[in-house]
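Data block for run-v7.txt (compact mmCIF, C-alpha atoms):
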```txt
# COMPACT_ATOMS: atom_id res chain seq x y z
CA MET K 5 24.38 20.29 7.45
CA ILE K 6 27.13 21.58 9.76
CA PRO K 7 27.75 25.37 9.72
CA THR K 8 31.26 26.66 9.05
CA PRO K 9 32.84 30.02 10.00
CA GLU K 10 32.27 31.20 6.43
CA ASP K 11 28.52 30.75 6.85
CA GLY K 12 28.33 33.67 9.28
CA PRO K 13 26.23 34.11 12.44
CA GLU K 14 22.94 33.36 10.64
CA ALA K 15 23.96 29.78 9.79
CA ALA K 16 21.67 27.04 11.07
CA THR K 17 22.04 23.33 11.62
CA VAL K 18 19.47 21.17 9.85
CA THR K 19 19.02 17.59 11.02
CA VAL K 20 17.13 15.17 8.78
CA ARG K 21 15.96 12.04 10.53
CA PRO K 22 15.17 8.95 8.46
CA TYR K 23 12.00 6.94 9.10
CA GLY K 24 11.35 3.24 8.86
CA ASN K 25 9.92 2.10 5.53
CA PRO K 26 6.13 1.71 6.02
CA LEU K 27 5.60 -0.42 2.91
CA PRO K 28 6.20 -3.84 4.56
CA LEU K 29 3.57 -3.06 7.21
CA GLY K 30 1.20 -1.70 4.59
CA PHE K 31 1.55 -4.72 2.30
CA PHE K 32 1.30 -7.30 5.07
CA ALA K 33 -1.84 -5.69 6.50
CA PHE K 34 -3.23 -5.40 2.96
CA GLY K 35 -2.62 -9.12 2.37
CA ILE K 36 -4.44 -10.10 5.57
CA GLY K 37 -7.39 -7.94 4.57
CA MET K 38 -7.50 -9.56 1.15
CA VAL K 39 -7.66 -13.02 2.71
CA LEU K 40 -10.81 -11.94 4.55
CA LEU K 41 -12.36 -10.42 1.42
CA ALA K 42 -11.53 -13.60 -0.50
CA GLY K 43 -13.30 -15.63 2.17
CA VAL K 44 -16.43 -13.50 1.79
CA GLY K 45 -16.29 -13.45 -2.03
CA LEU K 46 -15.78 -17.20 -2.36
CA GLY K 47 -18.55 -17.99 0.11
CA LEU K 48 -16.21 -19.43 2.73
CA LEU K 49 -17.45 -16.90 5.29
CA THR K 50 -21.20 -16.55 5.78
CA GLY K 51 -23.64 -15.23 8.38
CA ASP K 52 -22.02 -14.22 11.66
CA GLU K 53 -18.60 -15.09 10.21
CA VAL K 54 -19.02 -12.15 7.83
CA ARG K 55 -19.56 -9.91 10.86
CA SER K 56 -16.40 -11.32 12.43
CA ALA K 57 -14.51 -10.56 9.22
CA GLY K 58 -15.85 -7.00 9.33
CA ILE K 59 -14.62 -6.53 12.89
CA LEU K 60 -11.16 -7.76 11.91
CA LEU K 61 -11.07 -5.41 8.92
CA ALA K 62 -12.08 -2.43 11.03
CA VAL K 63 -9.97 -2.98 14.16
CA PHE K 64 -6.92 -4.80 12.78
CA VAL K 65 -6.35 -4.05 9.10
CA PHE K 66 -7.54 -0.43 9.07
CA PRO K 67 -5.30 0.93 11.88
CA LEU K 68 -2.16 -0.70 10.47
CA GLU K 69 -2.88 0.50 6.93
CA PHE K 70 -3.65 4.00 8.20
CA LEU K 71 -0.39 4.10 10.17
CA ALA K 72 1.50 3.02 7.04
CA ALA K 73 -0.20 5.80 5.06
CA VAL K 74 0.78 8.45 7.61
CA MET K 75 4.38 7.22 7.66
CA ALA K 76 4.46 7.20 3.85
CA PHE K 77 3.50 10.89 3.83
CA LEU K 78 6.25 11.60 6.36
CA THR K 79 8.77 9.79 4.17
CA ARG K 80 7.67 12.00 1.26
CA ASP K 81 6.30 9.29 -1.05
CA THR K 82 3.00 10.89 -2.08
CA ALA K 83 1.92 8.13 -4.46
CA ALA K 84 2.44 5.32 -1.94
CA ALA K 85 0.79 7.41 0.79
CA ALA K 86 -2.25 8.11 -1.40
CA ALA K 87 -2.68 4.42 -2.23
CA LEU K 88 -2.25 3.33 1.39
CA GLY K 89 -4.65 6.04 2.56
CA LEU K 90 -7.38 5.00 0.13
CA PHE K 91 -7.06 1.37 1.09
CA ALA K 92 -6.93 2.18 4.81
CA THR K 93 -10.31 3.87 4.88
CA SER K 94 -11.77 1.31 2.48
CA TRP K 95 -10.98 -1.40 5.06
CA ALA K 96 -12.82 0.63 7.71
CA ALA K 97 -15.80 1.22 5.41
CA LEU K 98 -16.11 -2.42 4.31
CA GLY K 99 -15.59 -3.60 7.86
CA VAL K 100 -18.45 -1.47 9.18
CA LEU K 101 -20.75 -2.63 6.36
CA HIS K 102 -20.01 -6.28 7.14
CA ILE K 103 -20.66 -5.63 10.84
CA VAL K 104 -23.94 -3.79 10.31
CA ALA K 105 -25.36 -5.95 7.49
CA PRO K 106 -23.57 -9.31 7.38
CA ASP K 107 -26.39 -11.00 5.45
CA GLN K 108 -26.68 -8.34 2.73
CA ARG K 109 -25.31 -9.82 -0.49
CA THR K 110 -25.65 -6.86 -2.86
CA SER K 111 -25.96 -3.09 -2.50
CA THR K 112 -26.26 -0.43 -5.18
CA ALA K 113 -24.55 2.11 -2.91
CA LEU K 114 -21.62 -0.24 -2.33
CA GLY K 115 -21.43 -0.95 -6.06
CA MET K 116 -21.24 2.76 -6.86
CA TYR K 117 -18.57 3.21 -4.18
CA LEU K 118 -16.50 0.35 -5.60
CA CYS K 119 -16.82 1.79 -9.12
CA ALA K 120 -15.49 5.13 -7.91
CA PHE K 121 -12.77 3.39 -5.89
CA ALA K 122 -11.58 1.42 -8.93
CA LEU K 123 -11.59 4.60 -11.03
CA MET K 124 -9.44 6.48 -8.51
CA LEU K 125 -6.96 3.61 -8.40
CA LEU K 126 -6.28 3.89 -12.14
CA PRO K 127 -3.98 6.95 -12.06
CA LEU K 128 -2.17 5.49 -9.05
CA ALA K 129 -1.58 2.26 -10.98
CA VAL K 130 -0.23 4.16 -14.00
CA THR K 131 2.15 6.27 -11.91
CA GLY K 132 3.16 3.13 -10.01
CA PHE K 133 4.55 1.65 -13.23
CA LEU K 134 6.56 4.84 -13.77
CA GLY K 135 8.35 4.44 -10.43
CA LYS K 136 7.89 1.03 -8.80
CA ALA K 137 6.42 -1.44 -11.28
CA LEU K 138 5.65 -3.94 -8.52
CA LEU K 139 3.39 -1.36 -6.90
CA GLY K 140 1.83 -0.76 -10.31
CA VAL K 141 1.04 -4.48 -10.65
CA VAL K 142 -0.56 -4.60 -7.19
CA LEU K 143 -2.66 -1.52 -7.91
CA SER K 144 -3.70 -2.83 -11.34
CA VAL K 145 -4.94 -6.12 -9.90
CA SER K 146 -6.62 -4.17 -7.08
CA THR K 147 -8.41 -2.04 -9.67
CA LEU K 148 -9.61 -5.18 -11.45
CA ARG K 149 -10.77 -6.73 -8.17
CA ALA K 150 -12.70 -3.60 -7.19
CA ALA K 151 -14.30 -3.47 -10.65
CA LEU K 152 -15.39 -7.12 -10.40
CA ALA K 153 -16.84 -6.54 -6.94
CA ALA K 154 -18.63 -3.42 -8.19
CA ALA K 155 -20.15 -5.28 -11.11
CA TYR K 156 -21.50 -8.00 -8.83
CA GLN K 157 -22.93 -5.47 -6.40
CA LEU K 158 -24.71 -3.75 -9.30
CA GLY K 159 -26.39 -6.93 -10.51
CA ALA K 160 -23.83 -8.95 -12.49
CA PRO K 161 -23.84 -12.78 -12.25
CA HIS K 162 -22.49 -14.57 -9.18
CA ALA K 163 -19.50 -15.72 -11.22
CA LEU K 164 -18.04 -12.23 -10.94
CA GLU K 165 -18.12 -12.45 -7.14
CA LEU K 166 -16.12 -15.67 -7.41
CA ALA K 167 -13.69 -13.91 -9.74
CA ASP K 168 -13.46 -11.11 -7.18
CA GLY K 169 -12.51 -13.67 -4.52
CA ALA K 170 -9.89 -15.22 -6.79
CA ALA K 171 -8.40 -11.79 -7.50
CA ALA K 172 -8.25 -11.16 -3.73
CA LEU K 173 -6.25 -14.37 -3.30
CA LEU K 174 -3.86 -13.25 -6.05
CA LEU K 175 -3.46 -9.93 -4.26
CA THR K 176 -2.66 -11.80 -1.05
CA ALA K 177 0.24 -13.53 -2.80
CA LEU K 178 1.44 -10.25 -4.36
CA ALA K 179 1.23 -8.49 -0.98
CA LEU K 180 3.25 -11.24 0.66
CA TYR K 181 5.97 -10.95 -1.97
CA ALA K 182 6.00 -7.14 -1.99
CA GLY K 183 6.08 -6.87 1.80
CA ALA K 184 8.91 -9.38 2.01
CA ALA K 185 10.83 -7.65 -0.80
CA PHE K 186 10.73 -4.22 0.86
CA LEU K 187 11.47 -5.72 4.29
CA VAL K 188 14.56 -7.59 3.09
CA GLU K 189 15.68 -4.49 1.18
CA GLU K 190 15.59 -2.42 4.38
CA LEU K 191 17.41 -5.09 6.38
CA ARG K 192 20.13 -5.68 3.79
CA GLN K 193 20.31 -2.06 2.57
CA ARG K 194 20.18 -3.27 -1.00
CA THR K 195 17.60 -4.75 -3.35
CA VAL K 196 17.47 -8.54 -3.02
CA LEU K 197 13.99 -9.43 -4.28
CA PRO K 198 13.15 -7.37 -7.39
CA VAL K 199 10.67 -4.54 -6.83
CA LEU K 200 11.19 -3.25 -10.39
CA ARG K 201 12.12 0.34 -9.57
CA ARG K 202 12.82 2.69 -12.45
CA GLY K 203 13.55 6.35 -13.09
CA GLU K 204 13.55 8.65 -10.07
CA ALA K 205 12.50 5.84 -7.73
CA ARG K 206 15.60 3.86 -8.66
CA ARG K 207 17.94 6.84 -8.41
CA ALA K 208 16.50 7.76 -5.01
CA VAL K 209 17.67 4.43 -3.62
CA GLU K 210 20.97 4.11 -5.47
CA GLU K 211 22.36 7.63 -5.03
CA ASP K 212 22.77 10.11 -2.19
CA LEU K 213 22.24 13.85 -2.38
CA ASP K 214 25.60 14.36 -4.12
CA GLY K 215 25.21 11.39 -6.46
CA ARG K 216 27.48 9.10 -4.40
CA ARG K 217 26.37 5.76 -2.98
CA THR K 218 26.09 6.03 0.82
CA GLY K 219 23.78 4.36 3.29
CA ARG K 220 22.31 7.32 5.18
CA ALA K 221 21.05 9.23 2.15
CA ARG K 222 19.13 6.16 0.99
CA GLU K 223 17.09 5.95 4.20
CA PRO K 224 13.29 6.55 4.06
CA GLY K 225 12.55 10.15 4.98
CA ILE K 226 15.73 11.41 3.32
CA ARG K 227 15.30 10.03 -0.16
CA LYS K 228 12.38 11.37 -2.21
CA GLN K 229 10.65 8.02 -2.75
CA LEU K 230 10.43 4.75 -0.84
```

When written as structure tokens, how does the structure in this file appear?
Amino acid sequence: MIPTPEDGPEAATVTVRPYGNPLPLGFFAFGIGMVLLAGVGLGLLTGDEVRSAGILLAVFVFPLEFLAAVMAFLTRDTAAAAALGLFATSWAALGVLHIVAPDQRTSTALGMYLCAFALMLLPLAVTGFLGKALLGVVLSVSTLRAALAAAYQLGAPHALELADGAAALLLTALALYAGAAFLVEELRQRTVLPVLRRGEARRAVEEDLDGRRTGRAREPGIRKQL
């Protein structure tokens, strides 16, 4: 906003700086983490390899996901930031557990944690469908995967751990698509791969502050949603 003589001596200049969209980083890190969880769930990683997976979750996936969460808060997308924040610390928690107890197959405490985690993802999945349906799909499958993992940890048959691993592989594919879709959108400044925006999320990208289509007002950090 540039002050004019009519504004008087109290007028101030406000500069709004756009941020880079953190969703590609968040989705790509998420997908890598899911590959590791799929390896554990499907029995492809055992023994010391589980500890190695835990280290990678804690020192690679967690920092990137946490950075994406912080940037999402700065770009004023509370729903995306909340989802990224929950997943960020879940990577750290699971990573530490795999490091400390790589041979432990089941844990009641972990099962209870995963139940609560799945429950907290439900409202995020619902609100995701109201804004960005692609995010809603990812969160819905994530809720299912967490529920399957929780059931196995609490004593369900081994088949549910295999289903958990399969769901993690599906999430890897969804994360790859979503990360690529948001990345191409930022590079081309228009939607190329569908992310299924609707309502306020769609208007935030298509319109500027005055309702006209301009590039600057559609930058992350200026628009209300990513």

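Taking CA of Val141 (chain K) and CA of Arg109 (chain K) as the two end points, the separation is 28.7 Å.
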
Worksheet item: When distances are computed from only C-alpha atoms, which of K:Ser56, K:Thr93, K:Thr79, K:Thr147 shows the smallest separation from Leu125 (chain K)?
Response: K:Thr147

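Here CA of Val142 (chain K) stands at a distance of 9.3 Å from CA of Leu174 (chain K).
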
Discussion item. So that I can see what lies close to Gly99 (chain K), please list as JSON, numbers by chain the residues with an atom at most 12 Å from it, counting all atoms listed in the file and leaving out residues fewer than 3 positions away in the same chain.
Written reply: {"K": [37, 40, 41, 44, 54, 55, 56, 57, 58, 59, 60, 61, 62, 63, 64, 65, 66, 67, 91, 92, 93, 94, 95, 96, 102, 103, 104, 105, 106]}

Practice prompt. Considering all atoms listed in the file, return as an MDAnalysis selection string whatever protein or nucleic-acid residues lie within 10 Å of Leu126 (chain K), sequence-local ones (same chain, fewer than 3 positions apart) excluded.
Written response: chainID K and resid 121:123 129:132 140 143:144 146:148

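In terms of minimum interatomic distance to Leu128 (chain K), K:Ala87 ranks closest within K:Ala179, K:Leu191, K:Asp168, K:Ala87, counting only C-alpha atoms.
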
How big is the axis-aligned box around the listed atoms of region 126-138 of chain K once 5 Å is added on each side, and where is its centre? Give both in Å to one decimal, as lines of an AutoDock Vina configuration file.
```
center_x = 1.0
center_y = 1.5
center_z = -11.3
size_x = 24.6
size_y = 20.9
size_z = 15.5
```

Worksheet item: Which one of K:Ala177, K:Met75, K:Leu27, K:Ala150 sits closest to Glu165 (chain K) if you count only C-alpha atoms?
Response: K:Ala150

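CA of Val188 (chain K) to CA of Pro26 (chain K) spans 12.9 Å [interatomic distance, one decimal].
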
Got a sec to check which residues sit within 10 Å of (-24.8, -6.4, -8.5), counting all atoms listed in the file, and write them as a compact mmCIF listing (two decimals) with C-alpha atoms, in the frame of the given file?
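Contents of result34.txt, freshly written:
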```txt
# COMPACT_ATOMS: atom_id res chain seq x y z
CA ARG K 109 -25.31 -9.82 -0.49
CA THR K 110 -25.65 -6.86 -2.86
CA SER K 111 -25.96 -3.09 -2.50
CA THR K 112 -26.26 -0.43 -5.18
CA LEU K 114 -21.62 -0.24 -2.33
CA GLY K 115 -21.43 -0.95 -6.06
CA MET K 116 -21.24 2.76 -6.86
CA LEU K 152 -15.39 -7.12 -10.40
CA ALA K 153 -16.84 -6.54 -6.94
CA ALA K 154 -18.63 -3.42 -8.19
CA ALA K 155 -20.15 -5.28 -11.11
CA TYR K 156 -21.50 -8.00 -8.83
CA GLN K 157 -22.93 -5.47 -6.40
CA LEU K 158 -24.71 -3.75 -9.30
CA GLY K 159 -26.39 -6.93 -10.51
CA ALA K 160 -23.83 -8.95 -12.49
CA PRO K 161 -23.84 -12.78 -12.25
CA HIS K 162 -22.49 -14.57 -9.18
CA LEU K 164 -18.04 -12.23 -10.94
CA GLU K 165 -18.12 -12.45 -7.14
```

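You can rank K:Leu138, K:Thr176, K:Asn25, K:Leu200 by their closest distance to Ala85 (chain K) using all atoms listed in the file, and at the top of that list sits K:Asn25.
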
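Distances here use only C-alpha atoms; by that measure, the residue among K:Gly169, K:Pro198, K:Gly51, K:Gly135 closest to Gln108 (chain K) is K:Gly51.
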
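Among the candidate residues K:Ala83, K:Ala163, K:Val145, K:Ile36, the one lying nearest to Pro127 (chain K) is K:Ala83, with distances computed using all atoms listed in the file.
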